[in-house]
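K.L.:
Before we start, here is the structure in question, set down as structure tokens.
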Amino acid sequence: MKMKLFAAPYLVWMVVFILVPLIMVAVFAFTTDGGEFTLDNISDVGQYANIFVRSIWLALIATAICLVMAYPISFMLSRMEKHRQGTMLMIVMLPMWMNFLLRTYAWMTLLGNNGIINFLFGLVGLGPFKLINTQGAVVLGMVYNYLPFMILPLYSVMVKIDKSLIEAASDLGCGSVGVLFRVILPLSLPGITSGVTMVFVPAISTFIISRMLGGGSNLLIGDLIEMQFLGNSYNPHLGAAISLVLMVIILVIMTIMNQFSPDDQVLM
Amino acid sequence: MDNIVSLKDLVVNFEDGEQILHGINLDIKDKEFVTLLGPSGCGKTTTLRIIAGFLEPTSGDVFFDGKRINGVPPHKRNVNTVFQRYALFPHLNVYENIAFGLRVKKTSEKEVVRRVGEMLELVNLKGFEKRSVNRLSGGQQQRVAIARALVNRPKVLLLDEPLGALDLKLRKEMQVELRKIQQALELTFVYVTHDQEDALTMSDTVVVMNNGSIQQIGSPIDIYNEPVNAFVADFIGESNIVNGSMPRDCLVEFVGKQFECVDKGFAPNETVDVVIRPEDIKIIPAESAKLTGIVESVVFKGVHYEMIVDGVDHKWMIHSTKHAPVGTMIGMHFDPDDIHIMKKTEVDG
């Protein structure tokens, strides 16, 4: 019973800063300025379907790229000698110690029409290419910023895969591809699901990356919500409705993801 | 019988320059139960891993069925391994664990069902097919590991301390069972252990290793009765080991007295290790004894008593069904053929 006492601060925190705001979002989403119940806000979200589709699509691409890049990196990390693992992990984490805005600004100067990358292309007589303000730049920004969130959960699952399991698989006739698909992949599924969650959720709701690297033409849901609260088209009711719909979408996608996880390792 | 596995001059150096194996030469005959026995760090597991293909020797050759197999990866070798902590796949149930090797080889479903069924019967795990391997006892996991290896019908089964995690009673049951399986399937078993009882109970041939070299190869009876040096004598069973010298053939001097023995061929007055098994020392009245001592401790061990007797120059260990009270003076006697004389080695037991 004493343990309950220790949890009290967190319970208070949860109620004040998570539960209450959630309820407020829901209330805002279903009311008018006058405070009357309405479904108009929710139905208004429909006109932004293209932005939703684009957000989901870009977030999916970024998540897929992160997974493909992070998987071999995490595996190599997990098989290194213990003392090297620490150093390499730190290198992976290093960008995260820098301010998020600063990192993304840096990409602006790199990708700009007069940026460093185009300058280098110019030296060999190529370009300039339009790099900034494209969907590609937004995806790049997402991958760059969220890659560590994929590597860490993958690494922490893979490091627990006993070397003898890999040896047993090759002893029983698996070549390296067989070992990967029959042992490492199934055993790292929990890491894949949590990594995908940790990249997909922030990627689908980001607004800084799309604003800075995507220009005005590649708005994402995050930008849309921000505009309802801080922009000229001030409308917190619509903003709340969009947030609510986004939450439902994420919830559905995560539920689907969890179907791939073993029963005892469900994330939510 | 032909040699199924031959190891020639195997040397393994680790990165830091430490030599793990110093020139191992070993021939393993077909259908033989061979045990590599030695203390931890003696190189026995390293030797096993070389046969399995997990480790390449720094120099030396590995022959399998007459063909040199250096550089052949583990999945292309006709051997299977039972790992120390079983290494069962946690994401697969008992049935799928055993079927693993067959599935890799794309064996037909009918054949998989038949062979896995055979194995389940062999290791007494019928009815456990759907069970998660995490919910098995140590002994059951052990059986799954053996079945998973044997289902592939390897010519040689390698076992890396497979009984290490089991309690004594289960361990003894499994010793008998492993030996039965080996004889029923007519397979070659290479068994690694630090437990002398495992080695003596199951093996056709015992290979005693220490510090990366082979000390002695022989049948369990030979190894026990005719150890070649003090290390083997001490490692296999308990021993009294004292310093001595050989004034002439069939005469040995130790603890200041001379005894008749049966060993010959030493240089005059060569210093030697004298080994006497504790069960070979008989208790006799002190008056008529050449060697006497005062009983220092008596411990009841079930089948026998273990006594430590303080002679003047040496404390003797005696195993006997009789015992004398602590503090009394007793005489000790042993026959000439109970005295084992060994050349001095740099190894101290």
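Scheme for the structure tokens: letters A, B, ... for chains in order shown; per-chain residue numbers from 1; ligand numbers from 1 in order shown.
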Could you list, with a cut-off of 12 Å and counting only C-alpha atoms, the residues of segment 84-173 of chain B near segment 241-262 of chain A, each shown with its nearest atom pair and the distance in Å rounded to one decimal, rows sorted by chain and ascending number, as CSV?

P.N.:
residue,atom,partner,partner_atom,distance
B:Pro90,CA,A:Pro262,CA,11.2
B:His91,CA,A:Pro262,CA,8.6
B:Leu92,CA,A:Pro262,CA,11.3

K.L.:
Could you write out as a list in words the residues of chain A within 9 Å of chain B, counting only C-alpha atoms?

P.N.:
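Filtering chain A at 9 Å from chain B with only C-alpha atoms gives Asp162, Lys163, Ser164, Leu165, Ile166, Glu167, Ala168, Ala169, Ser170, Asp171, Leu172, Gly173, Cys174, Gly175, Gly178, Arg182, Val183, Pro186, Leu187 and Pro262 of chain A.
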
K.L.:
Please save C-alpha atoms of the selected residues as a PDB file, in the first residue's frame.

P.N.:
ATOM      1  CA  ASP A 162      22.112 -14.168 -26.840  1.00  0.00           C
ATOM      2  CA  LYS A 163      25.011 -14.853 -29.178  1.00  0.00           C
ATOM      3  CA  SER A 164      24.455 -18.562 -28.647  1.00  0.00           C
ATOM      4  CA  LEU A 165      21.019 -18.274 -30.330  1.00  0.00           C
ATOM      5  CA  ILE A 166      22.710 -17.001 -33.470  1.00  0.00           C
ATOM      6  CA  GLU A 167      25.284 -19.772 -33.213  1.00  0.00           C
ATOM      7  CA  ALA A 168      22.538 -22.331 -32.667  1.00  0.00           C
ATOM      8  CA  ALA A 169      20.746 -21.155 -35.809  1.00  0.00           C
ATOM      9  CA  SER A 170      23.873 -21.412 -37.934  1.00  0.00           C
ATOM     10  CA  ASP A 171      24.664 -24.755 -36.308  1.00  0.00           C
ATOM     11  CA  LEU A 172      21.235 -25.952 -37.434  1.00  0.00           C
ATOM     12  CA  GLY A 173      21.904 -24.992 -41.050  1.00  0.00           C
ATOM     13  CA  CYS A 174      21.104 -21.283 -41.397  1.00  0.00           C
ATOM     14  CA  GLY A 175      23.311 -19.076 -43.548  1.00  0.00           C
ATOM     15  CA  GLY A 178      18.476 -17.530 -42.600  1.00  0.00           C
ATOM     16  CA  ARG A 182      14.445 -16.972 -38.666  1.00  0.00           C
ATOM     17  CA  VAL A 183      15.957 -15.673 -35.451  1.00  0.00           C
ATOM     18  CA  PRO A 186      11.380 -12.373 -34.921  1.00  0.00           C
ATOM     19  CA  LEU A 187      13.279 -11.683 -31.718  1.00  0.00           C
ATOM     20  CA  PRO A 262       4.133 -10.934 -29.283  1.00  0.00           C
TER      21      PRO A 262
END

K.L.:
Can you pull out the residues contacting Lys301 of chain B? Cut-off 12 Å, using only C-alpha atoms, and skip same-chain residues under 6 positions away; I want them as JSON, numbers by chain.

P.N.:
{"B": [307, 318, 319, 320, 321, 322, 323]}

K.L.:
Next, the residues of the selection above should be written as a short mmCIF file (atom, residue, chain, number, x, y, z; two decimals), in the first residue's frame with C-alpha atoms.

P.N.:
data_model
loop_
_atom_site.label_atom_id
_atom_site.label_comp_id
_atom_site.auth_asym_id
_atom_site.auth_seq_id
_atom_site.Cartn_x
_atom_site.Cartn_y
_atom_site.Cartn_z
CA MET B 307 39.62 -38.98 7.26
CA ILE B 318 41.86 -41.78 3.61
CA HIS B 319 38.52 -43.08 2.34
CA SER B 320 37.40 -46.09 4.29
CA THR B 321 34.25 -47.75 5.53
CA LYS B 322 35.98 -47.99 8.91
CA HIS B 323 37.10 -45.04 10.91
#

K.L.:
Taking only C-alpha atoms into account, name the residue in A:Met158, A:Val92, A:Leu152, A:Ile61 that is nearest to Met76 of chain A.

P.N.:
A:Met158

K.L.:
Write out as JSON, numbers by chain each polymer residue whose atoms come within 9 Å of Ala165 of chain B, counting only C-alpha atoms; drop sequence neighbours fewer than 2 positions from it.

P.N.:
{"B": [84, 85, 138, 139, 161, 162, 163, 167, 171]}

K.L.:
Which residues come within 12 Å of Leu102 of chain A, counting only C-alpha atoms, excluding same-chain residues fewer than 5 positions away, as a ChimeraX atom specification?

P.N.:
/A:95-97,107-109,141,145,208-209,212

K.L.:
For atom CA of Leu251 of chain B and atom CA of Pro278 of chain B, determine how far apart the two atoms are, in Å to one decimal place.

P.N.:
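Those two atoms sit 20.7 Å apart.
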
K.L.:
Name the residues of segment 98-194 of chain A that come out as alpha helix (DSSP H) in a backbone DSSP run; write them as a ChimeraX atom specification.

P.N.:
/A:100-111,116-123,135-158,163-171,176-179,185-194

K.L.:
List the spatial neighbours of Ile4 of chain B as a list in words - criterion: any atom at most 10 Å away, only C-alpha atoms, same-chain residues fewer than 6 positions off excluded.

P.N.:
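Selected residues are Asp27, Ile28, Lys29, Asp30, Lys31, Glu32, Phe63, Phe64, Asp65, Gly66, Lys67, Lys155, Val156 and Thr188 of chain B.
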
K.L.:
Pull C-alpha atoms from the residues just selected and write them as a PDB file, in the first residue's frame.

P.N.:
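Listed below is the output, result17.pdb:
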ATOM      1  CA  ASP B  27      41.579 -38.509 -33.295  1.00  0.00           C
ATOM      2  CA  ILE B  28      37.946 -39.273 -32.600  1.00  0.00           C
ATOM      3  CA  LYS B  29      36.696 -42.610 -33.846  1.00  0.00           C
ATOM      4  CA  ASP B  30      33.295 -43.128 -35.440  1.00  0.00           C
ATOM      5  CA  LYS B  31      30.490 -44.056 -32.993  1.00  0.00           C
ATOM      6  CA  GLU B  32      32.663 -43.225 -30.028  1.00  0.00           C
ATOM      7  CA  PHE B  63      39.530 -33.147 -40.643  1.00  0.00           C
ATOM      8  CA  PHE B  64      36.010 -34.483 -40.823  1.00  0.00           C
ATOM      9  CA  ASP B  65      35.477 -37.882 -42.391  1.00  0.00           C
ATOM     10  CA  GLY B  66      38.909 -37.569 -43.992  1.00  0.00           C
ATOM     11  CA  LYS B  67      38.270 -34.144 -45.540  1.00  0.00           C
ATOM     12  CA  LYS B 155      27.342 -37.706 -37.773  1.00  0.00           C
ATOM     13  CA  VAL B 156      28.784 -36.073 -34.690  1.00  0.00           C
ATOM     14  CA  THR B 188      29.742 -40.041 -32.259  1.00  0.00           C
TER      15      THR B 188
END

K.L.:
Given only C-alpha atoms as the basis, pick out the residue of A:Ser156, A:Gln47, A:Thr63, A:Thr38 nearest to Arg79 of chain A.

P.N.:
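Checking each of A:Ser156, A:Gln47, A:Thr63, A:Thr38 against Arg79 of chain A, counting only C-alpha atoms, the winner is A:Ser156.
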
K.L.:
Step one, run DSSP on the backbone; step two, keep only residues of segment 97-158 of chain B assigned to strand (DSSP E or B); then write them as a list in words.

P.N.:
Ser132, Val156, Leu157 and Leu158 of chain B

K.L.:
If we count only C-alpha atoms, what is near Tyr146 of chain A at a cut-off of 10 Å, once residues fewer than 6 positions away on the same chain are taken out, given as a PyMOL selection string?

P.N.:
chain A and resi 62-63+66+96+140+195+198-200+202-203

K.L.:
Atoms to include: C-alpha atoms. Write the selected residues as a compact mmCIF listing (two decimals), in the first residue's frame.

P.N.:
# COMPACT_ATOMS: atom_id res chain seq x y z
CA ALA A 62 10.42 8.71 -42.91
CA THR A 63 9.65 5.85 -40.52
CA CYS A 66 14.64 5.16 -40.33
CA MET A 96 20.19 14.85 -29.83
CA LEU A 140 15.21 14.14 -44.70
CA GLY A 195 10.95 2.18 -32.69
CA MET A 198 8.67 6.53 -31.42
CA VAL A 199 9.47 7.79 -34.93
CA PHE A 200 6.04 7.76 -36.52
CA PRO A 202 6.45 12.71 -33.62
CA ALA A 203 6.93 12.64 -37.41

K.L.:
Using only C-alpha atoms, pick whichever of B:Asp313, B:Asp160, B:Asp263, B:Asp9 has the shortest atom-to-atom distance to Asn243 of chain B.

P.N.:
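Of B:Asp313, B:Asp160, B:Asp263, B:Asp9, the one nearest Asn243 of chain B, counting only C-alpha atoms, is B:Asp313.
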